[in-house]
Amino acid sequence: MKPRFYSTPSAQLAAQAWQARGDGRSGPGLAIVGVGMMGREHLRVASLLGRARVCGIYDSNAESIHRALRDFAAYSDRKLNVYDSLDALCADDSVDAFLICTPNFSHWSVFERLVVTGKPMLLEKPMATSLADARRMVDVASDYPGLIQLGMQYRFKAQYVEAFHAIQNDHVLGSVRTVAMSEYRPPFLDKVDQWNKFNRFSGGTLVEKCCHYFDLINLMAAASPVKVYAQGGRAVNFLDFERGGEQSDIDDHAFVCVTYDDGTLANFTLNMFSQELYEELVVTGAEGRVVASEHASFRQGIRSSAHIKIEVADHPAYRGCEVTYPQAIETSGHSGSTFFEHLAFVEQLEGAVVDAATPSQGLWSLIVAAAAQQSLSTGEVVFIDEFCARQQVALP
């Protein structure tokens, strides 16, 4: 790794978190609901962090259970309970908190079943596939006895930790005026029953894949979105794909424009037929701009890297520096962000106050994503207040 130009917040965060790891045999007991691709990442990362005990797993898919047990045996000698129902899971007093990692369309039904326990939850993104279900979750969370954290782990990617610190803590830009974000990546990966190839299961590409980015953009804008316009569609991916006689209908590219109530403008670019994975965030203000970027790959042997440039007069990172997490963290999942998402969850379980995604923030990301999906299909500008009113969903 190249030398750092200054003592970066992400480096400090990584060093402290790595030193504070546990052995996975003490701490709060976690149960993971849904152990497909994302659930197994959570299982691996929770074990790597070791600040909580993974008590058991639940999934209705036998193959997913088999893969999870095989994976867990590779890095732990502990026994993992396999619950045969959500009722059995809820009845286990050794479980202190749940991680909901089931397919998008099932989030509300699982959430609704688990809230009767009053126990804390980490709910994967998007929180739901409908604004009505998401709004109900926010209402439940308002007087829920346990914490509810949303799975917006991209907040914890090294380059965005740096950007947030520079813009929100150091105020290097003054007032933010424009936010531009982009993701270029390969197509959707295989999931159980290929649910992510169909809008009715995923909520649509701009909901399923892009709510992360709308969460980041909302945070950077620090204002309320008022209108959204999107263009895009299906150009390359899964044009001939079908399952059970149903044709795939997911979009694979889009341009999205968002206007905020203080005049801040944002845009987001998505392309899902690239060979490699690139992300970039550019935030500008009166004093200059911050550029946060990442290159990752689904191919073996290609190292991920993250960078930050703070183009403000005399800033030590004016010409840019690498901020990639150490390899053990970086490769644990989603460029290390899942590791810090778990750290935030465990620290909240221990009583600490941390900056993790709330249900209201999750709903705002979903509102922008759903509005963009609507605009994509109609070709019209979507006004947020009218859009939510038509669906009888109160704004957070």
# chains A, B, ... in the order shown; residues from 1 in each chain; ligands from 1
>>> residues_around(residues="Ala166 in chain A", least_positions_apart="4", cutoff="10 Å", atoms="only C-alpha atoms", output="VMD selection string")
chain A and resid 8 to 9 160 to 162 170 to 173 290 310
>>> write_last_selection(atoms="C-alpha atoms", output="short mmCIF file (atom, residue, chain, number, x, y, z; two decimals), in the first residue's frame")
data_model
loop_
_atom_site.label_atom_id
_atom_site.label_comp_id
_atom_site.auth_asym_id
_atom_site.auth_seq_id
_atom_site.Cartn_x
_atom_site.Cartn_y
_atom_site.Cartn_z
CA THR A 8 -6.88 9.39 7.74
CA PRO A 9 -10.02 8.69 9.79
CA TYR A 160 -16.90 7.54 2.11
CA VAL A 161 -15.72 7.63 5.73
CA GLU A 162 -13.05 10.04 4.49
CA ASP A 170 -14.00 19.54 8.90
CA HIS A 171 -16.43 21.51 6.67
CA VAL A 172 -13.75 21.82 4.00
CA LEU A 173 -16.23 22.69 1.23
CA VAL A 290 -14.04 16.10 -2.68
CA ILE A 310 -9.72 16.80 -1.28
#
>>> select_by_dssp(residues="range 107-316 of chain A", states="strand (DSSP E)", output="PyMOL selection string")
chain A and resi 121-124+148-151+176-184+225-233+242-243+246-247+253-260+265-271+277-285+288-296+305-311
>>> atom_distance(atom1="CA of Arg390 in chain A", atom2="CA of Gly263 in chain A")
24.5 Å
>>> closest_residue(among="A:Val95, A:Ile250, A:Ala356, A:Val323", to="Gln194 in chain A", atoms="only C-alpha atoms")
A:Ile250
>>> residues_around(residues="Ala15 in chain A", least_positions_apart="5", cutoff="12 Å", atoms="only C-alpha atoms", output="list in words")
Ser7, Thr8, Pro9, Ser10, Ala20, Arg21, Tyr325, Pro326, Ala328, Ile329 and Phe340 of chain A
>>> residues_around(residues="range 126-136 of chain A", least_positions_apart="3", cutoff="7 Å", atoms="only C-alpha atoms", output="JSON, numbers by chain")
{"A": [104, 105, 107, 108, 123, 139, 140, 202, 203, 207, 208, 211, 362, 363, 366, 367, 393]}
>>> write_last_selection(atoms="C-alpha atoms", output="PDB file, in the first residue's frame")
ATOM      1  CA  ASN A 104     -36.187  -7.986  -0.418  1.00  0.00           C
ATOM      2  CA  PHE A 105     -39.819  -8.953  -0.904  1.00  0.00           C
ATOM      3  CA  HIS A 107     -38.404  -8.207   4.655  1.00  0.00           C
ATOM      4  CA  TRP A 108     -41.727  -6.927   5.949  1.00  0.00           C
ATOM      5  CA  LEU A 123     -32.338  -5.179   8.642  1.00  0.00           C
ATOM      6  CA  ASP A 139     -43.787   3.641  12.742  1.00  0.00           C
ATOM      7  CA  VAL A 140     -42.957   0.435  14.629  1.00  0.00           C
ATOM      8  CA  SER A 202     -36.557  -6.860  -5.809  1.00  0.00           C
ATOM      9  CA  GLY A 203     -38.478  -3.594  -6.034  1.00  0.00           C
ATOM     10  CA  VAL A 207     -34.410   0.151  -5.320  1.00  0.00           C
ATOM     11  CA  GLU A 208     -32.472  -3.091  -4.957  1.00  0.00           C
ATOM     12  CA  CYS A 211     -30.716   2.605  -2.380  1.00  0.00           C
ATOM     13  CA  GLY A 362     -33.652   3.949   5.202  1.00  0.00           C
ATOM     14  CA  LEU A 363     -37.121   5.167   4.236  1.00  0.00           C
ATOM     15  CA  LEU A 366     -36.203   4.115  -0.521  1.00  0.00           C
ATOM     16  CA  ILE A 367     -38.395   7.114  -1.346  1.00  0.00           C
ATOM     17  CA  VAL A 393     -47.278   7.313   2.837  1.00  0.00           C
TER      18      VAL A 393
END
>>> residues_around(residues="Ala371 in chain A", least_positions_apart="4", cutoff="9 Å", atoms="only C-alpha atoms", output="JSON, numbers by chain")
{"A": [227, 228, 229, 230, 366, 367, 375, 376, 381, 382, 383, 384, 387, 388]}
>>> write_last_selection(atoms="N, CA and C atoms", output="short mmCIF file (atom, residue, chain, number, x, y, z; two decimals), in the first residue's frame")
data_model
loop_
_atom_site.label_atom_id
_atom_site.label_comp_id
_atom_site.auth_asym_id
_atom_site.auth_seq_id
_atom_site.Cartn_x
_atom_site.Cartn_y
_atom_site.Cartn_z
N LYS A 227 -37.76 16.55 -5.86
CA LYS A 227 -38.17 15.97 -7.14
C LYS A 227 -37.06 15.12 -7.73
N VAL A 228 -37.48 14.15 -8.54
CA VAL A 228 -36.57 13.15 -9.11
C VAL A 228 -36.93 12.93 -10.57
N TYR A 229 -35.91 12.84 -11.40
CA TYR A 229 -36.13 12.50 -12.81
C TYR A 229 -35.10 11.47 -13.21
N ALA A 230 -35.54 10.42 -13.94
CA ALA A 230 -34.63 9.34 -14.32
C ALA A 230 -34.87 8.91 -15.75
N LEU A 366 -35.22 4.87 0.25
CA LEU A 366 -36.20 4.11 -0.52
C LEU A 366 -37.14 5.04 -1.28
N ILE A 367 -37.52 6.16 -0.67
CA ILE A 367 -38.39 7.11 -1.35
C ILE A 367 -37.73 7.63 -2.62
N SER A 375 -40.10 7.25 -12.24
CA SER A 375 -39.75 8.15 -13.33
C SER A 375 -39.18 7.38 -14.52
N LEU A 376 -38.40 6.37 -14.21
CA LEU A 376 -37.81 5.54 -15.27
C LEU A 376 -38.89 4.89 -16.13
N VAL A 381 -41.08 13.67 -14.55
CA VAL A 381 -40.53 14.12 -13.28
C VAL A 381 -41.46 13.68 -12.16
N VAL A 382 -40.90 13.18 -11.09
CA VAL A 382 -41.69 12.75 -9.94
C VAL A 382 -41.45 13.72 -8.79
N PHE A 383 -42.52 14.35 -8.33
CA PHE A 383 -42.45 15.23 -7.17
C PHE A 383 -42.69 14.39 -5.91
N ILE A 384 -41.76 14.46 -4.98
CA ILE A 384 -41.75 13.56 -3.84
C ILE A 384 -43.03 13.66 -3.01
N PHE A 387 -45.88 12.07 -4.93
CA PHE A 387 -45.62 10.63 -5.08
C PHE A 387 -45.99 9.89 -3.80
N CYS A 388 -45.56 10.41 -2.66
CA CYS A 388 -45.87 9.75 -1.39
C CYS A 388 -47.34 9.89 -1.02
#
>>> residues_around(residues="range 142-157 of chain A", least_positions_apart="6", cutoff="6 Å", atoms="only C-alpha atoms", output="PyMOL selection string")
chain A and resi 118-125+212+337-338+341+357-358
>>> closest_residue(among="A:Asn267, A:Gln392, A:Thr378, A:Gln159", to="Arg177 in chain A", atoms="only C-alpha atoms")
A:Asn267
>>> closest_residue(among="A:Ala88, A:Ile302, A:Ala254, A:Val138", to="Leu270 in chain A", atoms="only C-alpha atoms")
A:Ala254
>>> atom_distance(atom1="CA of Ala17 in chain A", atom2="CA of Leu49 in chain A")
8.2 Å
>>> select_by_dssp(residues="range 26-173 of chain A", states="helix (DSSP H, G or I)", output="JSON list (two decimals) with C-alpha atoms, in the first residue's frame")
[["chain", "number", "residue", "atom", "x", "y", "z"],
["A", 37, "MET", "CA", -25.19, -14.85, -0.41],
["A", 38, "MET", "CA", -25.67, -11.80, 1.83],
["A", 39, "GLY", "CA", -26.55, -13.79, 4.94],
["A", 40, "ARG", "CA", -23.37, -15.85, 4.58],
["A", 41, "GLU", "CA", -21.35, -12.64, 4.29],
["A", 42, "HIS", "CA", -22.85, -11.49, 7.58],
["A", 43, "LEU", "CA", -22.08, -14.87, 9.13],
["A", 44, "ARG", "CA", -18.44, -14.60, 8.02],
["A", 45, "VAL", "CA", -18.00, -10.99, 9.09],
["A", 46, "ALA", "CA", -19.63, -11.49, 12.50],
["A", 47, "SER", "CA", -17.21, -14.34, 13.11],
["A", 48, "LEU", "CA", -14.23, -12.25, 11.95],
["A", 49, "LEU", "CA", -15.16, -9.36, 14.24],
["A", 62, "ALA", "CA", -32.03, -26.29, 2.37],
["A", 63, "GLU", "CA", -29.14, -25.55, 0.01],
["A", 64, "SER", "CA", -28.53, -22.17, 1.65],
["A", 65, "ILE", "CA", -28.44, -23.86, 5.06],
["A", 66, "HIS", "CA", -25.96, -26.42, 3.76],
["A", 67, "ARG", "CA", -23.64, -23.75, 2.36],
["A", 68, "ALA", "CA", -23.83, -21.68, 5.55],
["A", 69, "LEU", "CA", -22.90, -24.66, 7.75],
["A", 70, "ARG", "CA", -20.04, -25.55, 5.41],
["A", 71, "ASP", "CA", -18.75, -21.98, 5.43],
["A", 72, "PHE", "CA", -19.04, -21.62, 9.20],
["A", 73, "ALA", "CA", -17.13, -24.87, 9.79],
["A", 74, "ALA", "CA", -14.22, -23.45, 7.79],
["A", 75, "TYR", "CA", -13.58, -20.65, 10.29],
["A", 86, "LEU", "CA", -39.22, -18.46, 13.01],
["A", 87, "ASP", "CA", -41.27, -19.48, 16.03],
["A", 88, "ALA", "CA", -38.41, -21.68, 17.24],
["A", 89, "LEU", "CA", -35.96, -18.84, 16.65],
["A", 90, "CYS", "CA", -38.08, -16.37, 18.60],
["A", 104, "ASN", "CA", -36.19, -7.99, -0.42],
["A", 105, "PHE", "CA", -39.82, -8.95, -0.90],
["A", 106, "SER", "CA", -39.87, -10.90, 2.38],
["A", 107, "HIS", "CA", -38.40, -8.21, 4.66],
["A", 108, "TRP", "CA", -41.73, -6.93, 5.95],
["A", 109, "SER", "CA", -43.17, -10.36, 6.73],
["A", 110, "VAL", "CA", -40.03, -11.44, 8.60],
["A", 111, "PHE", "CA", -39.76, -8.10, 10.38],
["A", 112, "GLU", "CA", -43.42, -8.30, 11.40],
["A", 113, "ARG", "CA", -42.85, -11.74, 12.91],
["A", 114, "LEU", "CA", -39.70, -10.81, 14.84],
["A", 115, "VAL", "CA", -40.86, -7.51, 16.34],
["A", 116, "VAL", "CA", -43.03, -9.39, 18.83],
["A", 117, "THR", "CA", -39.79, -10.27, 20.67],
["A", 131, "LEU", "CA", -43.16, 2.46, 0.63],
["A", 132, "ALA", "CA", -46.20, 1.38, 2.65],
["A", 133, "ASP", "CA", -44.31, -1.48, 4.29],
["A", 134, "ALA", "CA", -41.28, 0.74, 4.89],
["A", 135, "ARG", "CA", -43.45, 3.41, 6.49],
["A", 136, "ARG", "CA", -44.97, 0.76, 8.78],
["A", 137, "MET", "CA", -41.45, -0.24, 9.84],
["A", 138, "VAL", "CA", -40.60, 3.36, 10.70],
["A", 139, "ASP", "CA", -43.79, 3.64, 12.74],
["A", 140, "VAL", "CA", -42.96, 0.43, 14.63],
["A", 141, "ALA", "CA", -39.41, 1.67, 15.25],
["A", 142, "SER", "CA", -40.64, 4.93, 16.82],
["A", 153, "GLN", "CA", -23.09, -0.49, 4.96],
["A", 154, "TYR", "CA", -21.68, 1.57, 2.09],
["A", 155, "ARG", "CA", -21.48, 4.43, 4.60],
["A", 156, "PHE", "CA", -18.58, 2.51, 6.10],
["A", 158, "ALA", "CA", -13.13, 3.77, 3.51],
["A", 159, "GLN", "CA", -13.48, 6.43, 0.83],
["A", 160, "TYR", "CA", -16.90, 7.54, 2.11],
["A", 161, "VAL", "CA", -15.72, 7.63, 5.73],
["A", 162, "GLU", "CA", -13.05, 10.04, 4.49],
["A", 163, "ALA", "CA", -15.52, 12.10, 2.47],
["A", 164, "PHE", "CA", -18.00, 12.38, 5.35],
["A", 165, "HIS", "CA", -15.24, 13.41, 7.73],
["A", 166, "ALA", "CA", -13.85, 16.08, 5.41],
["A", 167, "ILE", "CA", -17.24, 17.54, 4.48],
["A", 168, "GLN", "CA", -19.31, 17.15, 7.64],
["A", 169, "ASN", "CA", -16.67, 17.28, 10.39]]
>>> closest_residue(among="A:Ile308, A:Leu265, A:Val33, A:Ala97", to="Thr284 in chain A", atoms="only C-alpha atoms")
A:Leu265
>>> atom_distance(atom1="CA of Asn271 in chain A", atom2="CA of Gly36 in chain A")
24.6 Å
